[in-house]
$ cat protein12.txt   # compact mmCIF, C-alpha atoms
# COMPACT_ATOMS: atom_id res chain seq x y z
CA MET K 1 4.02 -20.94 16.11
CA THR K 2 2.26 -21.23 12.80
CA GLY K 3 1.43 -17.89 11.21
CA ILE K 4 3.14 -15.64 13.74
CA SER K 5 4.81 -12.41 12.61
CA ALA K 6 6.73 -10.40 15.19
CA LEU K 7 7.91 -6.82 15.62
CA LEU K 8 10.62 -6.17 18.22
CA VAL K 9 11.05 -2.51 19.16
CA GLY K 10 13.62 -1.13 21.56
CA VAL K 11 14.67 2.38 22.64
CA ALA K 12 17.61 2.53 25.05
CA SER K 13 18.13 6.29 25.37
CA PRO K 14 15.39 8.44 23.80
CA ARG K 15 16.29 11.76 25.42
CA PRO K 16 19.63 13.41 26.29
CA HIS K 17 18.66 13.81 29.94
CA THR K 18 17.30 10.25 30.30
CA PRO K 19 19.68 7.63 31.72
CA PRO K 20 20.23 4.93 29.07
CA LEU K 21 18.80 1.50 29.72
CA ARG K 22 21.50 -1.16 29.57
CA GLY K 23 19.38 -4.22 28.83
CA VAL K 24 17.28 -3.26 25.80
CA ASP K 25 19.66 -4.74 23.23
CA ALA K 26 19.81 -8.06 25.09
CA ASP K 27 16.01 -8.03 25.48
CA LEU K 28 15.52 -7.84 21.71
CA ASP K 29 18.25 -10.43 21.02
CA GLY K 30 16.65 -12.78 23.53
CA TRP K 31 13.22 -12.46 21.94
CA ARG K 32 14.59 -13.17 18.48
CA THR K 33 16.42 -16.26 19.73
CA ARG K 34 13.36 -17.69 21.43
CA LEU K 35 11.01 -16.97 18.56
CA VAL K 36 13.35 -18.72 16.14
CA ARG K 37 13.60 -21.69 18.48
CA MET K 38 9.82 -21.88 18.50
CA GLY K 39 9.70 -22.04 14.72
CA VAL K 40 9.04 -18.44 13.66
CA PRO K 41 10.93 -17.83 10.38
CA GLN K 42 13.64 -15.17 10.52
CA ASP K 43 11.98 -13.22 7.72
CA ARG K 44 8.84 -12.80 9.84
CA ILE K 45 10.74 -11.17 12.72
CA GLU K 46 11.49 -7.44 12.34
CA ARG K 47 13.68 -5.62 14.82
CA ILE K 48 14.01 -1.86 15.34
CA GLY K 49 16.45 -0.21 17.74
CA PRO K 50 17.65 0.25 20.33
CA ALA K 51 19.60 3.27 19.02
CA GLY K 52 17.90 6.28 17.41
CA THR K 53 14.45 4.72 17.09
CA THR K 54 11.85 7.22 15.83
CA ARG K 55 8.07 7.22 15.93
CA GLY K 56 7.93 7.11 12.15
CA GLN K 57 10.05 3.96 12.06
CA VAL K 58 7.88 2.24 14.63
CA LEU K 59 4.60 3.21 12.97
CA ALA K 60 5.81 2.09 9.53
CA ALA K 61 6.94 -1.24 10.97
CA LEU K 62 3.64 -1.60 12.84
CA ASP K 63 1.75 -1.03 9.57
CA ALA K 64 3.85 -3.75 7.92
CA LEU K 65 3.25 -6.15 10.80
CA ALA K 66 -0.52 -5.59 10.73
CA GLN K 67 -0.63 -6.06 6.96
CA ARG K 68 1.29 -9.36 7.16
CA VAL K 69 -1.08 -10.65 9.83
CA ALA K 70 -4.17 -9.46 7.95
CA ALA K 71 -3.04 -11.27 4.79
CA SER K 72 -3.72 -14.68 6.36
CA PRO K 73 -6.76 -15.91 8.31
CA GLU K 74 -4.29 -17.84 10.49
CA GLY K 75 -1.98 -14.86 10.95
CA GLN K 76 -0.99 -13.82 14.46
CA GLY K 77 0.83 -10.66 15.48
CA LEU K 78 3.34 -10.34 18.30
CA LEU K 79 4.64 -6.93 19.39
CA VAL K 80 7.52 -6.43 21.83
CA LEU K 81 8.25 -2.98 23.29
CA ALA K 82 11.38 -2.49 25.40
CA GLY K 83 12.69 0.83 26.68
CA HIS K 84 11.43 3.97 28.42
CA GLY K 85 7.74 4.69 28.75
CA GLY K 86 6.35 7.90 27.34
CA ALA K 87 6.88 11.11 29.31
CA THR K 88 3.59 12.71 28.30
CA THR K 89 -0.05 11.87 28.95
CA GLY K 90 -1.05 9.08 26.57
CA GLY K 91 2.58 8.39 25.67
CA LEU K 92 3.41 4.70 25.39
CA LEU K 93 7.04 4.52 24.25
CA ALA K 94 9.64 7.29 24.38
CA CYS K 95 11.33 7.57 20.98
CA ALA K 96 14.15 9.75 19.72
CA ASP K 97 11.71 12.30 18.27
CA GLY K 98 9.05 12.19 21.01
CA ASP K 99 6.53 9.80 22.43
CA LEU K 100 4.81 7.08 20.47
CA ARG K 101 1.25 7.43 21.68
CA THR K 102 -1.07 4.56 22.59
CA GLU K 103 -3.75 6.14 20.41
CA GLN K 104 -1.47 5.90 17.37
CA VAL K 105 -0.90 2.20 17.95
CA ARG K 106 -4.64 1.57 18.27
CA GLU K 107 -5.36 3.47 15.05
CA ARG K 108 -2.78 1.47 13.09
CA LEU K 109 -4.10 -1.84 14.36
CA ASP K 110 -7.73 -0.92 13.73
CA ALA K 111 -6.90 0.14 10.18
CA TYR K 112 -5.69 -3.34 9.21
CA LEU K 113 -6.91 -5.66 11.98
CA PRO K 114 -10.33 -4.49 13.14
CA GLY K 115 -11.47 -6.87 15.85
CA ARG K 116 -8.40 -9.13 15.45
CA GLY K 117 -6.19 -8.95 18.50
CA ILE K 118 -2.42 -9.10 18.67
CA THR K 119 -0.20 -10.17 21.57
CA ALA K 120 2.09 -7.55 23.11
CA PHE K 121 4.92 -7.86 25.62
CA VAL K 122 5.56 -4.44 27.14
CA ASP K 123 8.71 -3.92 29.23
CA LEU K 124 8.89 -0.16 29.66
CA CYS K 125 10.81 1.64 32.41
CA ALA K 126 9.14 5.05 32.71
CA THR K 127 10.17 8.00 34.85
CA ALA K 128 8.38 7.82 38.20
CA GLY K 129 5.11 9.71 38.12
CA GLU K 130 4.90 9.65 34.32
CA GLU K 131 4.11 5.97 33.85
CA PRO K 132 1.56 5.42 31.06
CA ASP K 133 -0.91 2.58 31.27
CA PRO K 134 1.00 -0.17 29.43
CA CYS K 135 -2.16 -2.19 28.95
CA ALA K 136 -4.25 0.49 27.22
CA LEU K 137 -4.43 -1.13 23.78
CA ARG K 138 -7.68 -2.44 22.30
CA ALA K 139 -10.13 -4.74 24.06
CA CYS K 140 -9.27 -7.57 21.64
CA ASP K 141 -5.50 -7.36 22.27
CA LEU K 142 -3.65 -9.47 24.81
CA VAL K 143 -0.98 -7.52 26.71
CA LEU K 144 1.59 -8.77 29.19
CA ALA K 145 3.20 -5.75 30.84
CA ALA K 146 6.25 -5.60 33.09
CA ALA K 147 4.60 -3.55 35.82
CA SER K 148 1.30 -2.16 37.02
CA PRO K 149 0.46 1.47 36.16
CA GLY K 150 2.49 3.79 38.39
CA GLN K 151 5.27 1.26 38.98
CA VAL K 152 8.75 1.37 37.50
CA ALA K 153 9.96 -1.67 35.57
CA GLU K 154 13.50 -2.50 36.62
CA GLU K 155 16.58 -4.00 35.01
CA LEU K 156 18.88 -6.69 36.37
CA ALA K 157 22.31 -8.09 35.52
CA VAL K 158 22.82 -11.84 35.27
CA GLU K 159 26.42 -12.94 34.85
CA GLY K 160 27.29 -9.43 33.67
CA GLN K 161 24.48 -9.25 31.10
CA TRP K 162 21.84 -6.58 31.68
CA GLN K 163 18.19 -7.18 30.75
CA GLY K 164 14.78 -5.91 31.65
CA ALA K 165 13.81 -7.91 34.75
CA PHE K 166 10.40 -8.80 33.33
CA THR K 167 11.83 -9.87 29.97
CA TRP K 168 14.48 -11.95 31.72
CA ALA K 169 11.79 -13.69 33.80
CA VAL K 170 9.58 -14.37 30.75
CA HIS K 171 12.55 -15.83 28.85
CA ARG K 172 13.50 -18.06 31.77
CA VAL K 173 9.96 -19.43 31.96
CA LEU K 174 9.84 -20.03 28.20
CA ASP K 175 13.22 -21.79 28.30
CA ARG K 176 12.07 -24.00 31.15
CA TRP K 177 8.75 -24.78 29.47
CA ALA K 178 10.55 -25.92 26.33
CA GLY K 179 12.14 -28.76 28.31
CA LEU K 180 9.06 -30.06 30.12
CA GLY K 181 7.56 -32.17 27.36
CA PRO K 182 8.54 -35.71 26.41
CA HIS K 183 12.16 -35.67 25.25
CA GLY K 184 12.30 -31.88 25.20
CA ALA K 185 9.09 -31.29 23.25
CA LEU K 186 7.73 -27.78 23.37
CA VAL K 187 4.72 -27.78 25.67
CA PRO K 188 2.07 -25.18 24.83
CA ILE K 189 1.99 -22.49 27.52
CA SER K 190 -0.85 -20.04 28.00
CA PRO K 191 -0.32 -16.31 28.63
CA GLN K 192 -2.02 -16.78 31.99
CA VAL K 193 0.50 -19.41 33.12
CA LEU K 194 3.41 -17.45 31.65
CA HIS K 195 2.30 -14.32 33.52
CA ARG K 196 1.91 -16.20 36.79
CA GLN K 197 5.26 -17.98 36.58
CA ALA K 198 7.19 -14.84 35.56
CA SER K 199 5.51 -12.87 38.36
CA LEU K 200 6.44 -15.48 40.97
CA LEU K 201 10.03 -15.47 39.75
CA LEU K 202 10.30 -11.69 40.07
CA GLN K 203 8.57 -11.71 43.44
CA GLY K 204 10.95 -14.39 44.72
CA LEU K 205 13.90 -12.21 43.76
CA GLY K 206 12.48 -9.24 45.68
CA PHE K 207 11.35 -7.02 42.80
CA ALA K 208 8.57 -4.59 43.68
CA GLN K 209 7.07 -4.44 40.20
CA ARG K 210 3.97 -6.54 39.57
CA PRO K 211 3.48 -7.68 35.96
CA THR K 212 -0.03 -7.34 34.57
CA LEU K 213 -2.03 -9.36 32.07
CA VAL K 214 -4.93 -7.79 30.18
CA GLY K 215 -7.00 -9.31 27.39
CA PRO K 216 -9.96 -11.51 26.48
CA ASP K 217 -10.47 -14.49 28.79
CA ALA K 218 -10.35 -16.99 25.92
CA ARG K 219 -6.96 -15.73 24.77
CA ARG K 220 -5.54 -15.76 28.30
CA ILE K 221 -5.90 -19.52 28.52
CA ALA K 222 -5.19 -20.45 24.90
CA PRO K 223 -1.68 -21.67 23.98
CA LEU K 224 0.54 -18.64 23.44
CA ALA K 225 2.50 -20.28 20.63
CA GLY K 226 -0.10 -22.64 19.26
CA ASP K 227 0.44 -26.37 19.52
CA SER K 228 3.79 -28.07 20.00
CA VAL K 229 6.16 -27.49 17.08
CA LEU K 230 6.98 -31.19 17.12
CA VAL K 231 5.15 -33.98 15.35
CA THR K 232 3.31 -36.09 17.94
CA ALA K 233 5.16 -39.36 18.54
CA PRO K 234 3.09 -42.27 17.16
CA LEU K 235 4.94 -44.81 19.33
CA PRO K 236 6.49 -44.47 22.80
CA ALA K 237 9.71 -42.49 22.51
CA GLN K 238 12.70 -43.84 24.41
CA VAL K 239 15.82 -43.48 22.29
CA THR K 240 16.83 -39.84 22.38
CA ARG K 241 20.23 -39.87 20.63
CA GLN K 242 19.56 -40.61 17.01
CA ILE K 243 22.23 -38.92 14.92
CA SER K 244 24.65 -37.56 17.51
CA PRO K 245 27.50 -39.79 18.68
CA GLU K 246 28.28 -39.93 22.36
CA THR K 247 29.72 -36.43 22.51
CA ASP K 248 28.39 -33.12 23.77
CA SER K 249 27.98 -31.75 20.26
CA MET K 250 28.67 -32.54 16.63
CA VAL K 251 28.71 -30.48 13.44
CA TYR K 252 27.67 -32.21 10.22
CA LYS K 253 27.92 -31.08 6.63
CA ILE K 254 24.60 -31.24 4.82
CA GLN K 255 25.53 -32.26 1.27
CA THR K 256 24.00 -33.52 -1.92
CA LEU K 257 24.76 -37.18 -2.63
CA GLN K 258 27.40 -35.91 -5.05
CA GLY K 259 29.18 -34.02 -2.26
CA ALA K 260 28.10 -30.39 -2.85
CA ASP K 261 27.71 -28.44 0.40
CA LEU K 262 24.21 -27.27 1.27
CA GLY K 263 24.81 -26.08 4.83
CA ARG K 264 25.51 -27.31 8.34
CA LEU K 265 23.64 -29.27 11.00
CA VAL K 266 24.60 -28.90 14.67
CA VAL K 267 23.44 -31.57 17.12
CA THR K 268 23.79 -31.08 20.87
CA GLY K 269 23.62 -33.96 23.33
CA SER K 270 21.78 -34.17 26.63
CA SER K 271 24.94 -33.32 28.60
CA PHE K 272 25.74 -30.26 26.49
CA GLN K 273 26.26 -27.09 28.52
CA PRO K 274 24.29 -24.19 26.99
CA THR K 275 26.40 -21.57 25.25
CA GLY K 276 25.36 -18.65 23.07
CA ASP K 277 22.23 -19.59 21.12
CA TYR K 278 22.71 -23.33 21.74
CA ILE K 279 21.01 -25.52 24.35
CA ALA K 280 21.10 -29.27 25.01
CA SER K 281 19.30 -31.99 23.04
CA ARG K 282 18.58 -29.95 19.95
CA GLU K 283 19.15 -30.15 16.21
CA TYR K 284 20.07 -26.88 14.47
CA TRP K 285 19.65 -27.12 10.68
CA GLU K 286 20.76 -24.43 8.24
CA VAL K 287 18.66 -26.04 5.52
CA LEU K 288 16.11 -28.87 5.42
CA PRO K 289 16.43 -30.49 1.99
CA THR K 290 13.38 -31.91 0.23
CA SER K 291 15.43 -34.08 -2.15
CA ALA K 292 18.16 -36.66 -1.56
CA PHE K 293 21.03 -35.58 0.69
CA LYS K 294 23.57 -36.90 3.18
CA LEU K 295 25.04 -35.92 6.54
CA VAL K 296 28.81 -36.07 6.84
CA PRO K 297 30.43 -35.73 10.31
CA THR K 298 33.11 -33.07 10.75
CA THR K 299 35.51 -31.90 13.45
CA GLU K 300 34.37 -28.29 13.06
CA SER K 301 33.63 -26.08 16.06
CA LEU K 302 30.10 -24.83 16.67
CA PRO K 303 29.20 -21.93 14.35
CA GLY K 304 29.09 -18.62 16.21
CA THR K 305 25.45 -18.14 15.26
CA ALA K 306 23.11 -21.10 15.61
CA PRO K 307 21.38 -22.25 12.39
CA ASN K 308 17.81 -20.98 12.46
CA LYS K 309 15.77 -24.19 12.08
CA VAL K 310 15.69 -25.77 15.54
CA TYR K 311 14.16 -29.10 16.54
CA THR K 312 14.20 -31.25 19.63
CA GLN K 313 15.74 -34.70 19.20
CA PHE K 314 13.60 -37.78 19.51
CA ALA K 315 13.64 -41.30 18.05
CA PHE K 316 11.90 -44.58 18.82
CA ASP K 317 12.73 -47.83 20.59
CA PRO K 318 11.27 -51.15 19.33
CA SER K 319 10.65 -52.29 22.89
CA GLY K 320 8.18 -49.47 23.35
CA GLY K 321 5.35 -50.83 21.20
CA THR K 322 4.10 -53.81 19.25
CA SER K 323 1.44 -52.51 16.88
CA SER K 324 2.30 -51.56 13.32
CA TYR K 325 2.53 -47.98 12.14
CA THR K 326 2.47 -46.70 8.59
CA LEU K 327 4.53 -43.77 7.37
CA SER K 328 3.14 -42.19 4.22
CA ALA K 329 4.72 -39.67 1.89
CA GLY K 330 2.37 -37.28 0.20
CA THR K 331 0.91 -33.80 0.39
CA GLY K 332 2.57 -31.97 3.23
CA GLN K 333 4.92 -34.83 4.15
CA THR K 334 8.30 -35.98 2.81
CA LEU K 335 9.58 -39.42 3.84
CA PHE K 336 13.28 -40.30 3.65
CA LYS K 337 14.92 -43.72 3.98
CA LEU K 338 18.21 -43.60 5.86
CA THR K 339 20.99 -45.82 4.57
CA VAL K 340 24.65 -46.54 5.27
CA GLY K 341 26.01 -48.04 2.08
CA THR K 342 23.24 -50.45 1.11
CA ASP K 343 22.02 -51.04 4.66
CA GLU K 344 18.77 -49.46 5.79
CA VAL K 345 18.99 -47.97 9.30
CA GLY K 346 15.80 -45.93 9.65
CA TYR K 347 13.43 -43.28 8.36
CA LEU K 348 12.96 -39.54 8.72
CA MET K 349 9.51 -38.01 8.29
CA ARG K 350 9.57 -34.32 7.36
CA THR K 351 6.17 -32.70 7.86
CA ASN K 352 6.11 -29.59 5.70
CA GLY K 353 4.53 -26.30 6.67
CA THR K 354 5.32 -23.59 9.18
CA PRO K 355 6.99 -24.78 11.28
CA VAL K 356 8.40 -27.94 9.74
CA GLY K 357 8.19 -31.08 11.93
CA LEU K 358 10.78 -33.86 12.07
CA ALA K 359 10.25 -37.43 13.33
CA TRP K 360 13.00 -40.08 13.35
CA TYR K 361 12.42 -43.84 13.16
CA MET K 362 15.20 -46.34 13.82
CA THR K 363 15.06 -49.80 12.19
CA THR K 364 18.52 -51.12 13.02
CA ASP K 365 18.84 -54.58 14.52
CA PRO K 366 19.81 -54.41 17.28
CA ILE K 367 18.57 -50.93 18.11
CA THR K 368 21.43 -48.50 18.81
CA ALA K 369 21.77 -45.27 20.73
CA TYR K 370 22.21 -43.26 17.56
CA PHE K 371 22.28 -43.66 13.80
CA PRO K 372 25.68 -44.57 12.38
CA THR K 373 27.42 -41.74 10.55
CA PRO K 374 30.50 -43.10 8.76
CA SER K 375 32.98 -40.76 7.09
CA GLY K 376 31.15 -41.23 3.80
CA GLY K 377 27.94 -39.94 5.35
CA LEU K 378 24.46 -41.05 6.33
CA ALA K 379 22.35 -40.97 3.16
CA PHE K 380 18.74 -39.77 3.00
CA GLY K 381 16.69 -40.89 0.00
CA PRO K 382 13.08 -39.76 -0.66
CA VAL K 383 10.45 -42.51 -0.49
CA THR K 384 7.22 -42.42 -2.47
CA GLY K 385 4.17 -44.22 -1.19
CA SER K 386 4.09 -45.80 2.25
CA VAL K 387 6.28 -47.82 4.59
CA THR K 388 4.89 -49.91 7.44
CA ILE K 389 6.97 -50.64 10.49
CA ASP K 390 6.16 -52.98 13.37
CA ALA K 391 7.94 -52.39 16.66
CA GLN K 392 10.41 -50.27 14.70
CA ARG K 393 11.25 -53.02 12.17
CA LYS K 394 10.30 -52.41 8.55
CA ILE K 395 7.90 -55.15 7.48
CA SER K 396 6.52 -53.92 4.14
CA THR K 397 6.78 -51.11 1.58
$ encode --input "protein12.txt" --output "structure tokens"
Amino acid sequence: MTGISALLVGVASPRPHTPPLRGVDADLDGWRTRLVRMGVPQDRIERIGPAGTTRGQVLAALDALAQRVAASPEGQGLLVLAGHGGATTGGLLACADGDLRTEQVRERLDAYLPGRGITAFVDLCATAGEEPDPCALRACDLVLAAASPGQVAEELAVEGQWQGAFTWAVHRVLDRWAGLGPHGALVPISPQVLHRQASLLLQGLGFAQRPTLVGPDARRIAPLAGDSVLVTAPLPAQVTRQISPETDSMVYKIQTLQGADLGRLVVTGSSFQPTGDYIASREYWEVLPTSAFKLVPTTESLPGTAPNKVYTQFAFDPSGGTSSYTLSAGTGQTLFKLTVGTDEVGYLMRTNGTPVGLAWYMTTDPITAYFPTPSGGLAFGPVTGSVTIDAQRKIST
């Protein structure tokens, strides 16, 4: 999701006489989790609410979002609104000090992003008969709304956790889409497909609301999150357990070669049962070093909060190809040689940028299910120049 900045706004109980919505907090948490998984940096995700949210807070945050997006030609803006719809004509979101009006949102966007559309997810449960048009932003904006004008967007409870029904459906589709690619790669999904799949899910569960999609045709069919966050595999990918031993999960210390702690890496296996922010077959890095480091296995439990740099595991099997492939360090790419003691076991290519891409290459003989990680650690040393491998065996440097 290169260049995306996001603003998550929630209002659970804007007025004393309005029944509080129980799922707004979980809606915002869920969006943050999924955006981070897709590669959006934490510092480009702003959250407001759900308690005591005012119009002034939202407008100031919207100004900041638009300015961040405008600062880069590649910038993209994503706005999430969760809560009660406005109770007055032209009201979009009910805030603690009155309605945030659609006209105000348009004015803010036009001031900084004239002609440059943002993407908005609008899950607003308005009082019957007072439903604003949730799609009434600018012609250049793409809006996915929880319900058609005049309908009430509902909430649902799944395993005791309340959420907006539309938000829940969108998150389920995004979670499923993330596992459809080769070895868990993130497959680009268009707003049009996301809208259709979420709508079918809600319809199948008997919800009366009908989500709507409004925006330019070209943006409806373009990838919502840009291209896959993973580096394209240069050779057929078959080995999918490269640094995790045959356990459901493992926590590693990320250390300098001298033993100073830099952070933690959590690796989950294919049989891992999702819990909290963690799902199966993922790597969760607290830091991604650019200089020499090592991974040291621990017996620690999973951290309560998942590290914020998330990648799908994949590595390569020598039986999958015969042609040579050259890995080159240089601008935008850092190449590490992986060693255990003095023995080379593989390579890691770190493609810099936003998001960072990781590609693992195994050169052990015979190939193994995962890289060895002795108590002393698996060492990563930067490589300058190029390395050529043939069917996963290093043949020249």
$ atom_distance --input "protein12.txt" --atom1 "atom CA of Arg68 of chain K" --atom2 "atom CA of Ser5 of chain K"
7.2 Å
$ residues_around --input "protein12.txt" --residues "Ala120 of chain K" --least-positions-apart "2" --cutoff "10 Å" --atoms "all atoms listed in the file" --output "PyMOL selection string"
chain K and resi 6-8+77-81+117-118+122-123+134-135+137+141-145+214
$ residues_near_point --input "protein12.txt" --point "(-5.4, -8.2, 9.8)" --cutoff "8 Å" --atoms "only C-alpha atoms" --output "PDB file with C-alpha atoms, in the frame of the given file"
ATOM      1  CA  ALA K  66      -0.520  -5.590  10.730  1.00  0.00           C
ATOM      2  CA  GLN K  67      -0.630  -6.060   6.960  1.00  0.00           C
ATOM      3  CA  ARG K  68       1.290  -9.360   7.160  1.00  0.00           C
ATOM      4  CA  VAL K  69      -1.080 -10.650   9.830  1.00  0.00           C
ATOM      5  CA  ALA K  70      -4.170  -9.460   7.950  1.00  0.00           C
ATOM      6  CA  ALA K  71      -3.040 -11.270   4.790  1.00  0.00           C
ATOM      7  CA  SER K  72      -3.720 -14.680   6.360  1.00  0.00           C
ATOM      8  CA  PRO K  73      -6.760 -15.910   8.310  1.00  0.00           C
ATOM      9  CA  GLY K  75      -1.980 -14.860  10.950  1.00  0.00           C
ATOM     10  CA  LEU K 109      -4.100  -1.840  14.360  1.00  0.00           C
ATOM     11  CA  TYR K 112      -5.690  -3.340   9.210  1.00  0.00           C
ATOM     12  CA  LEU K 113      -6.910  -5.660  11.980  1.00  0.00           C
ATOM     13  CA  PRO K 114     -10.330  -4.490  13.140  1.00  0.00           C
ATOM     14  CA  ARG K 116      -8.400  -9.130  15.450  1.00  0.00           C
TER      15      ARG K 116
END
$ atom_distance --input "protein12.txt" --atom1 "atom CA of Tyr347 of chain K" --atom2 "atom CA of Tyr361 of chain K"
4.9 Å
$ axis_aligned_box --input "protein12.txt" --around "segment 345-348 of chain K" --padding-each-side "5 Å" --output "lines of an AutoDock Vina configuration file"
center_x = 16.0
center_y = -43.8
center_z = 9.0
size_x = 16.0
size_y = 18.4
size_z = 11.3
$ closest_residue --input "protein12.txt" --among "K:Glu286, K:Asp277, K:Glu300, K:Asp110" --to "Asp29 of chain K" --atoms "only C-alpha atoms"
K:Asp277
$ closest_residue --input "protein12.txt" --among "K:Gly90, K:Pro307, K:Gly330, K:Pro19" --to "Val36 of chain K" --atoms "all atoms listed in the file"
K:Pro307
$ residues_around --input "protein12.txt" --residues "Thr33 of chain K" --least-positions-apart "4" --cutoff "10 Å" --atoms "all atoms listed in the file" --output "NGL selection string"
:K and (28-29 or 37-38 or 40 or 42 or 171 or 276-278 or 306 or 308)
$ closest_residue --input "protein12.txt" --among "K:Pro372, K:Gly23, K:Gly206, K:Pro149" --to "Pro50 of chain K" --atoms "all atoms listed in the file"
K:Gly23
$ atom_distance --input "protein12.txt" --atom1 "atom CA of Leu338 of chain K" --atom2 "atom CA of Tyr370 of chain K"
12.4 Å
$ closest_residue --input "protein12.txt" --among "K:Gln197, K:Thr331, K:Ser190, K:Thr364" --to "Gly346 of chain K" --atoms "all atoms listed in the file"
K:Thr364
$ closest_residue --input "protein12.txt" --among "K:Arg219, K:Arg106, K:Arg138, K:Arg44" --to "Leu65 of chain K" --atoms "only C-alpha atoms"
K:Arg44
$ residues_around --input "protein12.txt" --residues "Leu59 of chain K" --least-positions-apart "5" --cutoff "10 Å" --atoms "all atoms listed in the file" --output "list in words"
Thr54, Ala64, Leu65, Leu100, Gln104, Val105 and Arg108 of chain K
$ closest_residue --input "protein12.txt" --among "K:Ala26, K:Thr256, K:Ala87, K:Glu283" --to "Gly160 of chain K" --atoms "all atoms listed in the file"
K:Ala26
$ residues_around --input "protein12.txt" --residues "Ala280 of chain K" --least-positions-apart "2" --cutoff "9 Å" --atoms "all atoms listed in the file" --output "VMD selection string"
chain K and resid 248 to 249 267 to 274 278 282 312
$ write_last_selection --input "protein12.txt" --atoms "C-alpha atoms" --output "short mmCIF file (atom, residue, chain, number, x, y, z; two decimals), keeping the file's coordinate frame"
data_model
loop_
_atom_site.label_atom_id
_atom_site.label_comp_id
_atom_site.auth_asym_id
_atom_site.auth_seq_id
_atom_site.Cartn_x
_atom_site.Cartn_y
_atom_site.Cartn_z
CA ASP K 248 28.39 -33.12 23.77
CA SER K 249 27.98 -31.75 20.26
CA VAL K 267 23.44 -31.57 17.12
CA THR K 268 23.79 -31.08 20.87
CA GLY K 269 23.62 -33.96 23.33
CA SER K 270 21.78 -34.17 26.63
CA SER K 271 24.94 -33.32 28.60
CA PHE K 272 25.74 -30.26 26.49
CA GLN K 273 26.26 -27.09 28.52
CA PRO K 274 24.29 -24.19 26.99
CA TYR K 278 22.71 -23.33 21.74
CA ARG K 282 18.58 -29.95 19.95
CA THR K 312 14.20 -31.25 19.63
#
$ residues_around --input "protein12.txt" --residues "segment 257-264 of chain K" --least-positions-apart "5" --cutoff "6 Å" --atoms "all atoms listed in the file" --output "list in words"
Tyr252, Glu286, Phe293 and Lys294 of chain K
